[in-house]
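Have a look at start_35.cif; it's mmCIF, N, CA and C atoms:
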data_query
#
loop_
_atom_site.label_atom_id
_atom_site.label_comp_id
_atom_site.auth_asym_id
_atom_site.auth_seq_id
_atom_site.Cartn_x
_atom_site.Cartn_y
_atom_site.Cartn_z
N MET A 1018 47.34 -38.69 -0.15
CA MET A 1018 46.46 -38.15 0.88
C MET A 1018 45.38 -39.17 1.22
N PRO A 1019 45.15 -39.40 2.49
CA PRO A 1019 44.05 -40.29 2.86
C PRO A 1019 42.71 -39.72 2.41
N SER A 1020 41.81 -40.58 2.00
CA SER A 1020 40.47 -40.14 1.61
C SER A 1020 39.62 -39.85 2.83
N ILE A 1021 39.73 -40.71 3.83
CA ILE A 1021 38.94 -40.59 5.06
C ILE A 1021 39.88 -40.70 6.24
N LEU A 1022 39.63 -39.88 7.24
CA LEU A 1022 40.39 -39.96 8.49
C LEU A 1022 39.38 -40.16 9.62
N ALA A 1023 39.48 -41.29 10.30
CA ALA A 1023 38.65 -41.57 11.47
C ALA A 1023 39.57 -41.52 12.68
N ILE A 1024 39.24 -40.66 13.61
CA ILE A 1024 40.10 -40.46 14.78
C ILE A 1024 39.30 -40.75 16.04
N GLY A 1025 39.78 -41.72 16.80
CA GLY A 1025 39.13 -42.08 18.05
C GLY A 1025 39.95 -41.64 19.23
N PHE A 1026 39.27 -41.15 20.24
CA PHE A 1026 39.92 -40.69 21.47
C PHE A 1026 39.38 -41.51 22.64
N GLN A 1027 40.24 -41.72 23.62
CA GLN A 1027 39.86 -42.41 24.85
C GLN A 1027 40.14 -41.48 26.02
N GLU A 1028 39.28 -41.57 27.02
CA GLU A 1028 39.49 -40.85 28.28
C GLU A 1028 39.71 -39.36 28.08
N ILE A 1029 38.80 -38.73 27.33
CA ILE A 1029 38.93 -37.28 27.08
C ILE A 1029 38.36 -36.46 28.22
N CYS A 1030 37.79 -37.13 29.23
CA CYS A 1030 37.32 -36.41 30.41
C CYS A 1030 37.55 -37.31 31.62
N ASP A 1031 37.56 -36.71 32.80
CA ASP A 1031 37.70 -37.47 34.03
C ASP A 1031 36.48 -38.35 34.22
N LEU A 1032 36.71 -39.55 34.70
CA LEU A 1032 35.63 -40.49 34.93
C LEU A 1032 35.04 -40.23 36.31
N THR A 1033 34.13 -39.28 36.36
CA THR A 1033 33.45 -38.94 37.61
C THR A 1033 31.97 -39.27 37.46
N ALA A 1034 31.29 -39.36 38.59
CA ALA A 1034 29.85 -39.63 38.55
C ALA A 1034 29.12 -38.55 37.75
N THR A 1035 29.53 -37.30 37.92
CA THR A 1035 28.90 -36.21 37.19
C THR A 1035 29.07 -36.38 35.69
N ASN A 1036 30.29 -36.70 35.24
CA ASN A 1036 30.53 -36.87 33.81
C ASN A 1036 29.78 -38.06 33.23
N MET A 1037 29.56 -39.11 34.04
CA MET A 1037 28.83 -40.26 33.54
C MET A 1037 27.34 -39.98 33.42
N VAL A 1038 26.82 -39.07 34.25
CA VAL A 1038 25.40 -38.76 34.22
C VAL A 1038 25.10 -37.54 33.34
N TRP A 1039 25.86 -36.48 33.51
CA TRP A 1039 25.64 -35.23 32.78
C TRP A 1039 26.79 -35.01 31.81
N GLN A 1040 26.73 -35.70 30.72
CA GLN A 1040 27.81 -35.65 29.74
C GLN A 1040 27.83 -34.29 29.04
N SER A 1041 28.99 -33.70 28.99
CA SER A 1041 29.19 -32.45 28.26
C SER A 1041 29.97 -32.76 26.99
N SER A 1042 29.64 -32.06 25.93
CA SER A 1042 30.36 -32.25 24.67
C SER A 1042 31.54 -31.28 24.53
N ALA A 1043 31.82 -30.51 25.57
CA ALA A 1043 32.89 -29.51 25.50
C ALA A 1043 34.24 -30.13 25.18
N ASN A 1044 34.60 -31.23 25.84
CA ASN A 1044 35.89 -31.86 25.57
C ASN A 1044 35.96 -32.41 24.15
N ALA A 1045 34.90 -33.07 23.72
CA ALA A 1045 34.88 -33.61 22.35
C ALA A 1045 35.01 -32.47 21.34
N ASN A 1046 34.28 -31.40 21.55
CA ASN A 1046 34.36 -30.26 20.63
C ASN A 1046 35.76 -29.67 20.60
N ARG A 1047 36.39 -29.57 21.75
CA ARG A 1047 37.74 -29.03 21.82
C ARG A 1047 38.72 -29.91 21.04
N TRP A 1048 38.64 -31.24 21.21
CA TRP A 1048 39.53 -32.15 20.48
C TRP A 1048 39.27 -32.08 18.98
N VAL A 1049 38.02 -32.09 18.58
CA VAL A 1049 37.69 -32.04 17.15
C VAL A 1049 38.17 -30.72 16.55
N ASN A 1050 37.97 -29.63 17.24
CA ASN A 1050 38.46 -28.33 16.74
C ASN A 1050 39.97 -28.32 16.59
N ASN A 1051 40.68 -28.90 17.55
CA ASN A 1051 42.15 -28.97 17.46
C ASN A 1051 42.59 -29.81 16.27
N VAL A 1052 41.91 -30.91 16.02
CA VAL A 1052 42.24 -31.76 14.88
C VAL A 1052 42.00 -30.98 13.58
N GLN A 1053 40.89 -30.27 13.49
CA GLN A 1053 40.59 -29.49 12.29
C GLN A 1053 41.67 -28.42 12.05
N LYS A 1054 42.12 -27.78 13.11
CA LYS A 1054 43.20 -26.79 12.97
C LYS A 1054 44.47 -27.44 12.44
N HIS A 1055 44.78 -28.63 12.97
CA HIS A 1055 45.96 -29.34 12.51
C HIS A 1055 45.86 -29.68 11.03
N PHE A 1056 44.69 -30.16 10.60
CA PHE A 1056 44.51 -30.52 9.19
C PHE A 1056 44.76 -29.31 8.28
N LYS A 1057 44.30 -28.16 8.70
CA LYS A 1057 44.49 -26.95 7.88
C LYS A 1057 45.96 -26.61 7.73
N GLN A 1058 46.75 -26.90 8.77
CA GLN A 1058 48.19 -26.66 8.71
C GLN A 1058 48.92 -27.76 7.95
N ALA A 1059 48.57 -29.00 8.23
CA ALA A 1059 49.28 -30.14 7.65
C ALA A 1059 48.90 -30.40 6.20
N TYR A 1060 47.65 -30.09 5.83
CA TYR A 1060 47.15 -30.36 4.47
C TYR A 1060 46.53 -29.10 3.89
N PRO A 1061 47.33 -28.06 3.66
CA PRO A 1061 46.75 -26.79 3.23
C PRO A 1061 46.07 -26.85 1.85
N ASN A 1062 46.47 -27.79 1.00
CA ASN A 1062 45.89 -27.87 -0.34
C ASN A 1062 44.75 -28.89 -0.44
N ASP A 1063 44.58 -29.70 0.57
CA ASP A 1063 43.54 -30.72 0.58
C ASP A 1063 42.69 -30.55 1.82
N GLU A 1064 41.59 -29.87 1.67
CA GLU A 1064 40.77 -29.55 2.82
C GLU A 1064 39.93 -30.76 3.24
N TYR A 1065 39.96 -31.04 4.52
CA TYR A 1065 39.13 -32.09 5.09
C TYR A 1065 37.93 -31.45 5.78
N ILE A 1066 36.80 -32.11 5.64
CA ILE A 1066 35.60 -31.62 6.33
C ILE A 1066 35.13 -32.70 7.31
N LEU A 1067 34.49 -32.25 8.35
CA LEU A 1067 33.98 -33.15 9.38
C LEU A 1067 32.66 -33.74 8.92
N LEU A 1068 32.59 -35.07 8.85
CA LEU A 1068 31.33 -35.74 8.52
C LEU A 1068 30.46 -35.90 9.75
N GLY A 1069 31.11 -36.11 10.90
CA GLY A 1069 30.36 -36.26 12.13
C GLY A 1069 31.26 -36.66 13.28
N HIS A 1070 30.77 -36.41 14.47
CA HIS A 1070 31.49 -36.85 15.67
C HIS A 1070 30.49 -37.07 16.79
N ASP A 1071 30.88 -37.90 17.74
CA ASP A 1071 30.03 -38.16 18.89
C ASP A 1071 30.91 -38.55 20.06
N GLN A 1072 30.32 -38.48 21.24
CA GLN A 1072 31.05 -38.76 22.48
C GLN A 1072 30.18 -39.60 23.40
N LEU A 1073 30.77 -40.57 24.04
CA LEU A 1073 30.13 -41.35 25.09
C LEU A 1073 31.07 -41.29 26.29
N VAL A 1074 30.76 -40.44 27.24
CA VAL A 1074 31.59 -40.15 28.40
C VAL A 1074 33.01 -39.83 27.92
N GLY A 1075 33.99 -40.71 28.10
CA GLY A 1075 35.37 -40.40 27.72
C GLY A 1075 35.79 -40.86 26.34
N VAL A 1076 34.88 -41.50 25.60
CA VAL A 1076 35.19 -42.00 24.26
C VAL A 1076 34.63 -41.03 23.23
N CYS A 1077 35.44 -40.70 22.25
CA CYS A 1077 35.01 -39.77 21.19
C CYS A 1077 35.50 -40.30 19.85
N LEU A 1078 34.67 -40.18 18.83
CA LEU A 1078 35.03 -40.57 17.47
C LEU A 1078 34.67 -39.43 16.54
N ALA A 1079 35.61 -39.08 15.68
CA ALA A 1079 35.38 -38.04 14.66
C ALA A 1079 35.80 -38.60 13.31
N VAL A 1080 34.99 -38.36 12.28
CA VAL A 1080 35.29 -38.83 10.94
C VAL A 1080 35.35 -37.63 10.01
N PHE A 1081 36.47 -37.53 9.30
CA PHE A 1081 36.72 -36.46 8.34
C PHE A 1081 36.89 -37.06 6.96
N ILE A 1082 36.54 -36.30 5.93
CA ILE A 1082 36.71 -36.76 4.56
C ILE A 1082 37.24 -35.60 3.72
N ARG A 1083 38.00 -35.93 2.67
CA ARG A 1083 38.46 -34.88 1.77
C ARG A 1083 37.25 -34.21 1.13
N ARG A 1084 37.32 -32.92 1.02
CA ARG A 1084 36.19 -32.14 0.50
C ARG A 1084 35.74 -32.63 -0.88
N ASP A 1085 36.68 -33.02 -1.74
CA ASP A 1085 36.31 -33.44 -3.09
C ASP A 1085 35.50 -34.74 -3.10
N LEU A 1086 35.52 -35.51 -2.01
CA LEU A 1086 34.74 -36.74 -1.93
C LEU A 1086 33.38 -36.55 -1.26
N ALA A 1087 33.18 -35.42 -0.63
CA ALA A 1087 31.94 -35.17 0.12
C ALA A 1087 30.67 -35.37 -0.71
N PRO A 1088 30.63 -34.96 -1.99
CA PRO A 1088 29.40 -35.18 -2.76
C PRO A 1088 29.04 -36.65 -2.95
N PHE A 1089 29.98 -37.54 -2.72
CA PHE A 1089 29.75 -38.97 -2.94
C PHE A 1089 29.43 -39.72 -1.65
N VAL A 1090 29.24 -38.98 -0.55
CA VAL A 1090 28.91 -39.57 0.74
C VAL A 1090 27.41 -39.46 0.98
N LYS A 1091 26.83 -40.57 1.47
CA LYS A 1091 25.42 -40.54 1.83
C LYS A 1091 25.19 -41.45 3.02
N ASN A 1092 24.00 -41.37 3.56
CA ASN A 1092 23.57 -42.24 4.67
C ASN A 1092 24.50 -42.21 5.87
N ILE A 1093 24.90 -41.03 6.28
CA ILE A 1093 25.71 -40.89 7.50
C ILE A 1093 24.80 -41.15 8.70
N ALA A 1094 25.28 -41.98 9.61
CA ALA A 1094 24.51 -42.28 10.81
C ALA A 1094 25.47 -42.48 11.98
N ILE A 1095 25.01 -42.11 13.17
CA ILE A 1095 25.83 -42.17 14.37
C ILE A 1095 25.05 -42.90 15.46
N ASP A 1096 25.75 -43.75 16.21
CA ASP A 1096 25.12 -44.43 17.33
C ASP A 1096 26.17 -44.67 18.40
N SER A 1097 25.71 -44.92 19.62
CA SER A 1097 26.60 -45.29 20.71
C SER A 1097 25.93 -46.39 21.52
N VAL A 1098 26.75 -47.20 22.17
CA VAL A 1098 26.24 -48.29 22.99
C VAL A 1098 26.97 -48.26 24.33
N LYS A 1099 26.21 -48.21 25.41
CA LYS A 1099 26.77 -48.27 26.76
C LYS A 1099 26.89 -49.74 27.17
N THR A 1100 28.04 -50.10 27.73
CA THR A 1100 28.19 -51.47 28.23
C THR A 1100 28.60 -51.49 29.71
N GLY A 1101 28.87 -50.34 30.29
CA GLY A 1101 29.25 -50.29 31.71
C GLY A 1101 28.06 -50.59 32.61
N MET A 1102 28.33 -51.32 33.69
CA MET A 1102 27.30 -51.67 34.68
C MET A 1102 26.07 -52.28 34.01
N GLY A 1103 26.31 -53.27 33.17
CA GLY A 1103 25.20 -53.97 32.52
C GLY A 1103 24.48 -53.14 31.48
N GLY A 1104 25.15 -52.19 30.89
CA GLY A 1104 24.54 -51.36 29.85
C GLY A 1104 23.89 -50.10 30.35
N LYS A 1105 24.06 -49.80 31.63
CA LYS A 1105 23.43 -48.61 32.22
C LYS A 1105 24.33 -47.38 32.18
N LEU A 1106 25.66 -47.60 32.19
CA LEU A 1106 26.59 -46.47 32.23
C LEU A 1106 27.48 -46.46 31.00
N GLY A 1107 27.89 -45.26 30.61
CA GLY A 1107 28.73 -45.10 29.44
C GLY A 1107 30.21 -45.03 29.74
N ASN A 1108 30.62 -45.47 30.94
CA ASN A 1108 32.05 -45.49 31.23
C ASN A 1108 32.77 -46.54 30.37
N LYS A 1109 32.02 -47.51 29.87
CA LYS A 1109 32.50 -48.50 28.92
C LYS A 1109 31.48 -48.54 27.78
N GLY A 1110 31.96 -48.84 26.58
CA GLY A 1110 31.05 -48.90 25.45
C GLY A 1110 31.71 -48.35 24.20
N CYS A 1111 30.88 -47.89 23.26
CA CYS A 1111 31.45 -47.43 22.00
C CYS A 1111 30.64 -46.30 21.40
N VAL A 1112 31.30 -45.62 20.47
CA VAL A 1112 30.69 -44.65 19.57
C VAL A 1112 30.98 -45.15 18.17
N ALA A 1113 29.99 -45.09 17.29
CA ALA A 1113 30.18 -45.58 15.92
C ALA A 1113 29.59 -44.61 14.92
N ILE A 1114 30.26 -44.50 13.77
CA ILE A 1114 29.78 -43.67 12.68
C ILE A 1114 29.79 -44.52 11.41
N ARG A 1115 28.65 -44.54 10.73
CA ARG A 1115 28.49 -45.31 9.51
C ARG A 1115 28.22 -44.35 8.36
N LEU A 1116 28.71 -44.71 7.17
CA LEU A 1116 28.47 -43.90 5.98
C LEU A 1116 28.59 -44.77 4.75
N VAL A 1117 28.10 -44.26 3.66
CA VAL A 1117 28.28 -44.91 2.36
C VAL A 1117 29.06 -43.93 1.49
N LEU A 1118 30.20 -44.40 0.97
CA LEU A 1118 31.03 -43.62 0.06
C LEU A 1118 30.97 -44.31 -1.29
N HIS A 1119 30.49 -43.60 -2.29
CA HIS A 1119 30.16 -44.20 -3.58
C HIS A 1119 29.15 -45.32 -3.29
N ASN A 1120 29.48 -46.55 -3.49
CA ASN A 1120 28.57 -47.66 -3.18
C ASN A 1120 29.13 -48.57 -2.10
N THR A 1121 30.09 -48.06 -1.33
CA THR A 1121 30.73 -48.87 -0.29
C THR A 1121 30.28 -48.41 1.08
N SER A 1122 29.74 -49.33 1.86
CA SER A 1122 29.32 -49.04 3.22
C SER A 1122 30.52 -49.19 4.15
N ILE A 1123 30.72 -48.18 5.00
CA ILE A 1123 31.87 -48.15 5.91
C ILE A 1123 31.36 -47.83 7.31
N CYS A 1124 31.91 -48.51 8.31
CA CYS A 1124 31.55 -48.24 9.70
C CYS A 1124 32.82 -48.11 10.53
N PHE A 1125 32.92 -47.03 11.28
CA PHE A 1125 34.05 -46.81 12.19
C PHE A 1125 33.53 -46.92 13.61
N ILE A 1126 34.27 -47.64 14.45
CA ILE A 1126 33.88 -47.82 15.85
C ILE A 1126 35.06 -47.48 16.75
N CYS A 1127 34.81 -46.69 17.77
CA CYS A 1127 35.79 -46.43 18.82
C CYS A 1127 35.19 -46.97 20.11
N ALA A 1128 35.86 -47.96 20.69
CA ALA A 1128 35.31 -48.62 21.87
C ALA A 1128 36.27 -48.56 23.05
N HIS A 1129 35.70 -48.56 24.23
CA HIS A 1129 36.47 -48.60 25.48
C HIS A 1129 35.97 -49.79 26.29
N PHE A 1130 36.85 -50.77 26.46
CA PHE A 1130 36.50 -52.01 27.15
C PHE A 1130 37.16 -52.08 28.52
N THR A 1131 36.72 -53.05 29.31
CA THR A 1131 37.30 -53.31 30.62
C THR A 1131 38.77 -53.67 30.47
N ALA A 1132 39.60 -53.07 31.33
CA ALA A 1132 41.04 -53.33 31.29
C ALA A 1132 41.38 -54.58 32.11
N GLY A 1133 42.59 -55.09 31.89
CA GLY A 1133 43.09 -56.18 32.72
C GLY A 1133 43.27 -57.48 31.97
N GLN A 1134 44.35 -58.18 32.30
CA GLN A 1134 44.69 -59.45 31.66
C GLN A 1134 43.59 -60.49 31.82
N ASN A 1135 42.90 -60.47 32.93
CA ASN A 1135 41.91 -61.51 33.24
C ASN A 1135 40.49 -61.14 32.82
N GLU A 1136 40.33 -60.07 32.07
CA GLU A 1136 38.99 -59.59 31.73
C GLU A 1136 38.60 -59.86 30.28
N SER A 1137 39.26 -60.81 29.63
CA SER A 1137 38.96 -61.06 28.21
C SER A 1137 37.52 -61.54 28.00
N THR A 1138 36.98 -62.30 28.92
CA THR A 1138 35.59 -62.76 28.80
C THR A 1138 34.64 -61.57 28.82
N GLU A 1139 34.87 -60.64 29.74
CA GLU A 1139 34.03 -59.44 29.83
C GLU A 1139 34.16 -58.58 28.57
N ARG A 1140 35.38 -58.43 28.07
CA ARG A 1140 35.58 -57.64 26.83
C ARG A 1140 34.86 -58.30 25.65
N ASN A 1141 34.97 -59.62 25.54
CA ASN A 1141 34.30 -60.32 24.45
C ASN A 1141 32.78 -60.19 24.56
N LYS A 1142 32.26 -60.24 25.78
CA LYS A 1142 30.82 -60.07 26.00
C LYS A 1142 30.39 -58.65 25.59
N ASP A 1143 31.18 -57.66 25.97
CA ASP A 1143 30.85 -56.27 25.61
C ASP A 1143 30.94 -56.06 24.10
N TYR A 1144 31.92 -56.68 23.47
CA TYR A 1144 32.04 -56.59 22.01
C TYR A 1144 30.79 -57.14 21.33
N LYS A 1145 30.33 -58.30 21.79
CA LYS A 1145 29.13 -58.91 21.23
C LYS A 1145 27.91 -58.02 21.48
N THR A 1146 27.81 -57.45 22.66
CA THR A 1146 26.70 -56.54 22.98
C THR A 1146 26.70 -55.35 22.03
N ILE A 1147 27.87 -54.79 21.79
CA ILE A 1147 27.97 -53.65 20.88
C ILE A 1147 27.48 -54.02 19.49
N LEU A 1148 27.92 -55.15 18.98
CA LEU A 1148 27.49 -55.57 17.64
C LEU A 1148 25.99 -55.80 17.57
N GLU A 1149 25.41 -56.33 18.65
CA GLU A 1149 23.98 -56.59 18.68
C GLU A 1149 23.14 -55.32 18.81
N LYS A 1150 23.66 -54.32 19.53
CA LYS A 1150 22.85 -53.14 19.85
C LYS A 1150 23.06 -51.94 18.92
N LEU A 1151 24.14 -51.93 18.15
CA LEU A 1151 24.31 -50.81 17.23
C LEU A 1151 23.15 -50.75 16.26
N SER A 1152 22.55 -49.58 16.14
CA SER A 1152 21.41 -49.40 15.25
C SER A 1152 21.51 -47.98 14.69
N PHE A 1153 21.75 -47.89 13.41
CA PHE A 1153 22.00 -46.59 12.81
C PHE A 1153 20.74 -46.00 12.21
N GLN A 1154 20.41 -44.81 12.66
CA GLN A 1154 19.33 -44.03 12.09
C GLN A 1154 19.98 -42.87 11.35
N PRO A 1155 19.62 -42.63 10.10
CA PRO A 1155 20.26 -41.56 9.33
C PRO A 1155 20.10 -40.19 10.01
N VAL A 1156 21.17 -39.41 9.93
CA VAL A 1156 21.14 -38.02 10.38
C VAL A 1156 21.04 -37.15 9.14
N ASN A 1157 21.06 -35.85 9.32
CA ASN A 1157 20.91 -34.92 8.18
C ASN A 1157 21.95 -35.19 7.12
N ASN A 1158 21.53 -35.75 6.00
CA ASN A 1158 22.42 -36.05 4.88
C ASN A 1158 22.05 -35.19 3.70
#
Please rewrite the model in this file as structure tokens.
Amino acid sequence: MPSILAIGFQEICDLTATNMVWQSSANANRWVNNVQKHFKQAYPNDEYILLGHDQLVGVCLAVFIRRDLAPFVKNIAIDSVKTGMGGKLGNKGCVAIRLVLHNTSICFICAHFTAGQNESTERNKDYKTILEKLSFQPVNN
């Protein structure tokens, strides 16, 4: 059984002006709830619990851990970085979740970059921006 399951989703909502400005968590919640239902069916003897999830427009990241490992998790933190339109819009960017399990620091990132064969320079620039701007503040641990 995996100890940790990090599941990233792309394009969980239509990319409209409304969704980019007034982000709703309804789609992310629906996907996370569906994953939790699946875990209960697929792993009936090993319960997974949700450590955290976040959404940036169409990108969503959820991290689950086996219940027996939960007491050994600390310093959970979540952040997101917008890279669309020079960092103003979340149509491109990432969601990240960081945690410490025992004494090991782990970071999961789900990112959505510019598409296209000729856009590698833009993707590399956005990747660097994400690494520079991620800043984790602890949440309720």
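Compared by their closest atoms to A:Asp1085, and using only C-alpha atoms, the residues A:Asp1063, A:Ala1113, A:Lys1099, A:Gln1072 rank with A:Asp1063 nearest.
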Report task. Could you find all residues in chain A that DSSP calls helix (DSSP H, G or I) from the backbone, and write them as a PyMOL selection string? Result -> chain A and resi 1034-1038+1043-1059+1084-1089+1137-1150
Selected residues, N, CA and C atoms, written as a compact mmCIF listing (two decimals), in the coordinates of the input, please.
# COMPACT_ATOMS: atom_id res chain seq x y z
N ALA A 1034 31.29 -39.36 38.59
CA ALA A 1034 29.85 -39.63 38.55
C ALA A 1034 29.12 -38.55 37.75
N THR A 1035 29.53 -37.30 37.92
CA THR A 1035 28.90 -36.21 37.19
C THR A 1035 29.07 -36.38 35.69
N ASN A 1036 30.29 -36.70 35.24
CA ASN A 1036 30.53 -36.87 33.81
C ASN A 1036 29.78 -38.06 33.23
N MET A 1037 29.56 -39.11 34.04
CA MET A 1037 28.83 -40.26 33.54
C MET A 1037 27.34 -39.98 33.42
N VAL A 1038 26.82 -39.07 34.25
CA VAL A 1038 25.40 -38.76 34.22
C VAL A 1038 25.10 -37.54 33.34
N ALA A 1043 31.82 -30.51 25.57
CA ALA A 1043 32.89 -29.51 25.50
C ALA A 1043 34.24 -30.13 25.18
N ASN A 1044 34.60 -31.23 25.84
CA ASN A 1044 35.89 -31.86 25.57
C ASN A 1044 35.96 -32.41 24.15
N ALA A 1045 34.90 -33.07 23.72
CA ALA A 1045 34.88 -33.61 22.35
C ALA A 1045 35.01 -32.47 21.34
N ASN A 1046 34.28 -31.40 21.55
CA ASN A 1046 34.36 -30.26 20.63
C ASN A 1046 35.76 -29.67 20.60
N ARG A 1047 36.39 -29.57 21.75
CA ARG A 1047 37.74 -29.03 21.82
C ARG A 1047 38.72 -29.91 21.04
N TRP A 1048 38.64 -31.24 21.21
CA TRP A 1048 39.53 -32.15 20.48
C TRP A 1048 39.27 -32.08 18.98
N VAL A 1049 38.02 -32.09 18.58
CA VAL A 1049 37.69 -32.04 17.15
C VAL A 1049 38.17 -30.72 16.55
N ASN A 1050 37.97 -29.63 17.24
CA ASN A 1050 38.46 -28.33 16.74
C ASN A 1050 39.97 -28.32 16.59
N ASN A 1051 40.68 -28.90 17.55
CA ASN A 1051 42.15 -28.97 17.46
C ASN A 1051 42.59 -29.81 16.27
N VAL A 1052 41.91 -30.91 16.02
CA VAL A 1052 42.24 -31.76 14.88
C VAL A 1052 42.00 -30.98 13.58
N GLN A 1053 40.89 -30.27 13.49
CA GLN A 1053 40.59 -29.49 12.29
C GLN A 1053 41.67 -28.42 12.05
N LYS A 1054 42.12 -27.78 13.11
CA LYS A 1054 43.20 -26.79 12.97
C LYS A 1054 44.47 -27.44 12.44
N HIS A 1055 44.78 -28.63 12.97
CA HIS A 1055 45.96 -29.34 12.51
C HIS A 1055 45.86 -29.68 11.03
N PHE A 1056 44.69 -30.16 10.60
CA PHE A 1056 44.51 -30.52 9.19
C PHE A 1056 44.76 -29.31 8.28
N LYS A 1057 44.30 -28.16 8.70
CA LYS A 1057 44.49 -26.95 7.88
C LYS A 1057 45.96 -26.61 7.73
N GLN A 1058 46.75 -26.90 8.77
CA GLN A 1058 48.19 -26.66 8.71
C GLN A 1058 48.92 -27.76 7.95
N ALA A 1059 48.57 -29.00 8.23
CA ALA A 1059 49.28 -30.14 7.65
C ALA A 1059 48.90 -30.40 6.20
N ARG A 1084 37.32 -32.92 1.02
CA ARG A 1084 36.19 -32.14 0.50
C ARG A 1084 35.74 -32.63 -0.88
N ASP A 1085 36.68 -33.02 -1.74
CA ASP A 1085 36.31 -33.44 -3.09
C ASP A 1085 35.50 -34.74 -3.10
N LEU A 1086 35.52 -35.51 -2.01
CA LEU A 1086 34.74 -36.74 -1.93
C LEU A 1086 33.38 -36.55 -1.26
N ALA A 1087 33.18 -35.42 -0.63
CA ALA A 1087 31.94 -35.17 0.12
C ALA A 1087 30.67 -35.37 -0.71
N PRO A 1088 30.63 -34.96 -1.99
CA PRO A 1088 29.40 -35.18 -2.76
C PRO A 1088 29.04 -36.65 -2.95
N PHE A 1089 29.98 -37.54 -2.72
CA PHE A 1089 29.75 -38.97 -2.94
C PHE A 1089 29.43 -39.72 -1.65
N SER A 1137 39.26 -60.81 29.63
CA SER A 1137 38.96 -61.06 28.21
C SER A 1137 37.52 -61.54 28.00
N THR A 1138 36.98 -62.30 28.92
CA THR A 1138 35.59 -62.76 28.80
C THR A 1138 34.64 -61.57 28.82
N GLU A 1139 34.87 -60.64 29.74
CA GLU A 1139 34.03 -59.44 29.83
C GLU A 1139 34.16 -58.58 28.57
N ARG A 1140 35.38 -58.43 28.07
CA ARG A 1140 35.58 -57.64 26.83
C ARG A 1140 34.86 -58.30 25.65
N ASN A 1141 34.97 -59.62 25.54
CA ASN A 1141 34.30 -60.32 24.45
C ASN A 1141 32.78 -60.19 24.56
N LYS A 1142 32.26 -60.24 25.78
CA LYS A 1142 30.82 -60.07 26.00
C LYS A 1142 30.39 -58.65 25.59
N ASP A 1143 31.18 -57.66 25.97
CA ASP A 1143 30.85 -56.27 25.61
C ASP A 1143 30.94 -56.06 24.10
N TYR A 1144 31.92 -56.68 23.47
CA TYR A 1144 32.04 -56.59 22.01
C TYR A 1144 30.79 -57.14 21.33
N LYS A 1145 30.33 -58.30 21.79
CA LYS A 1145 29.13 -58.91 21.23
C LYS A 1145 27.91 -58.02 21.48
N THR A 1146 27.81 -57.45 22.66
CA THR A 1146 26.70 -56.54 22.98
C THR A 1146 26.70 -55.35 22.03
N ILE A 1147 27.87 -54.79 21.79
CA ILE A 1147 27.97 -53.65 20.88
C ILE A 1147 27.48 -54.02 19.49
N LEU A 1148 27.92 -55.15 18.98
CA LEU A 1148 27.49 -55.57 17.64
C LEU A 1148 25.99 -55.80 17.57
N GLU A 1149 25.41 -56.33 18.65
CA GLU A 1149 23.98 -56.59 18.68
C GLU A 1149 23.14 -55.32 18.81
N LYS A 1150 23.66 -54.32 19.53
CA LYS A 1150 22.85 -53.14 19.85
C LYS A 1150 23.06 -51.94 18.92
Query raised in the report: Do you know which residues the PyMOL selection byres ((chain A and resi 1146-1156) around 6.5) returns on this file, as a VMD selection string?
Result: chain A and resid 1092 to 1098 1141 to 1145 1157 to 1158
Query raised in the report: Can you list what the PyMOL selection byres ((chain A and resi 1027) around 5) grabs from this structure, as a PyMOL selection string?
Result: chain A and resi 1025-1026+1028-1029+1075-1076
Requested in this report: Could you tell me how far atom N of A:Glu1064 lies from atom N of A:Phe1081, in Å and to one decimal?
Outcome: 12.0 Å
Query raised in the report: Residues of stretch 1067-1156 of chain A in strand (DSSP E or B) according to DSSP, as a ChimeraX atom specification?
Result: /A:1067-1073,1076-1083,1090-1101,1106-1118,1121-1129,1155
Determine, counting all atoms listed in the file, which protein, DNA and RNA residues have an atom within 6 Å of an atom of stretch 1121-1127 of chain A; residues of the same chain fewer than 2 positions away are not included. Present the result as an mmCIF file with N, CA and C atoms, in the frame of the given file.
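Dumped everything to around-v2.cif:
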data_model
loop_
_atom_site.group_PDB
_atom_site.id
_atom_site.type_symbol
_atom_site.label_atom_id
_atom_site.label_comp_id
_atom_site.auth_asym_id
_atom_site.auth_seq_id
_atom_site.Cartn_x
_atom_site.Cartn_y
_atom_site.Cartn_z
ATOM 1 N N GLY A 1025 39.780 -41.720 16.800
ATOM 2 C CA GLY A 1025 39.130 -42.080 18.050
ATOM 3 C C GLY A 1025 39.950 -41.640 19.230
ATOM 4 N N GLY A 1110 31.960 -48.840 26.580
ATOM 5 C CA GLY A 1110 31.050 -48.900 25.450
ATOM 6 C C GLY A 1110 31.710 -48.350 24.200
ATOM 7 N N CYS A 1111 30.880 -47.890 23.260
ATOM 8 C CA CYS A 1111 31.450 -47.430 22.000
ATOM 9 C C CYS A 1111 30.640 -46.300 21.400
ATOM 10 N N VAL A 1112 31.300 -45.620 20.470
ATOM 11 C CA VAL A 1112 30.690 -44.650 19.570
ATOM 12 C C VAL A 1112 30.980 -45.150 18.170
ATOM 13 N N ALA A 1113 29.990 -45.090 17.290
ATOM 14 C CA ALA A 1113 30.180 -45.580 15.920
ATOM 15 C C ALA A 1113 29.590 -44.610 14.920
ATOM 16 N N ILE A 1114 30.260 -44.500 13.770
ATOM 17 C CA ILE A 1114 29.780 -43.670 12.680
ATOM 18 C C ILE A 1114 29.790 -44.520 11.410
ATOM 19 N N ARG A 1115 28.650 -44.540 10.730
ATOM 20 C CA ARG A 1115 28.490 -45.310 9.510
ATOM 21 C C ARG A 1115 28.220 -44.350 8.360
ATOM 22 N N LEU A 1116 28.710 -44.710 7.170
ATOM 23 C CA LEU A 1116 28.470 -43.900 5.980
ATOM 24 C C LEU A 1116 28.590 -44.770 4.750
ATOM 25 N N VAL A 1117 28.100 -44.260 3.660
ATOM 26 C CA VAL A 1117 28.280 -44.910 2.360
ATOM 27 C C VAL A 1117 29.060 -43.930 1.490
ATOM 28 N N LEU A 1118 30.200 -44.400 0.970
ATOM 29 C CA LEU A 1118 31.030 -43.620 0.060
ATOM 30 C C LEU A 1118 30.970 -44.310 -1.290
ATOM 31 N N HIS A 1119 30.490 -43.600 -2.290
ATOM 32 C CA HIS A 1119 30.160 -44.200 -3.580
ATOM 33 C C HIS A 1119 29.150 -45.320 -3.290
ATOM 34 N N HIS A 1129 35.700 -48.560 24.230
ATOM 35 C CA HIS A 1129 36.470 -48.600 25.480
ATOM 36 C C HIS A 1129 35.970 -49.790 26.290
#
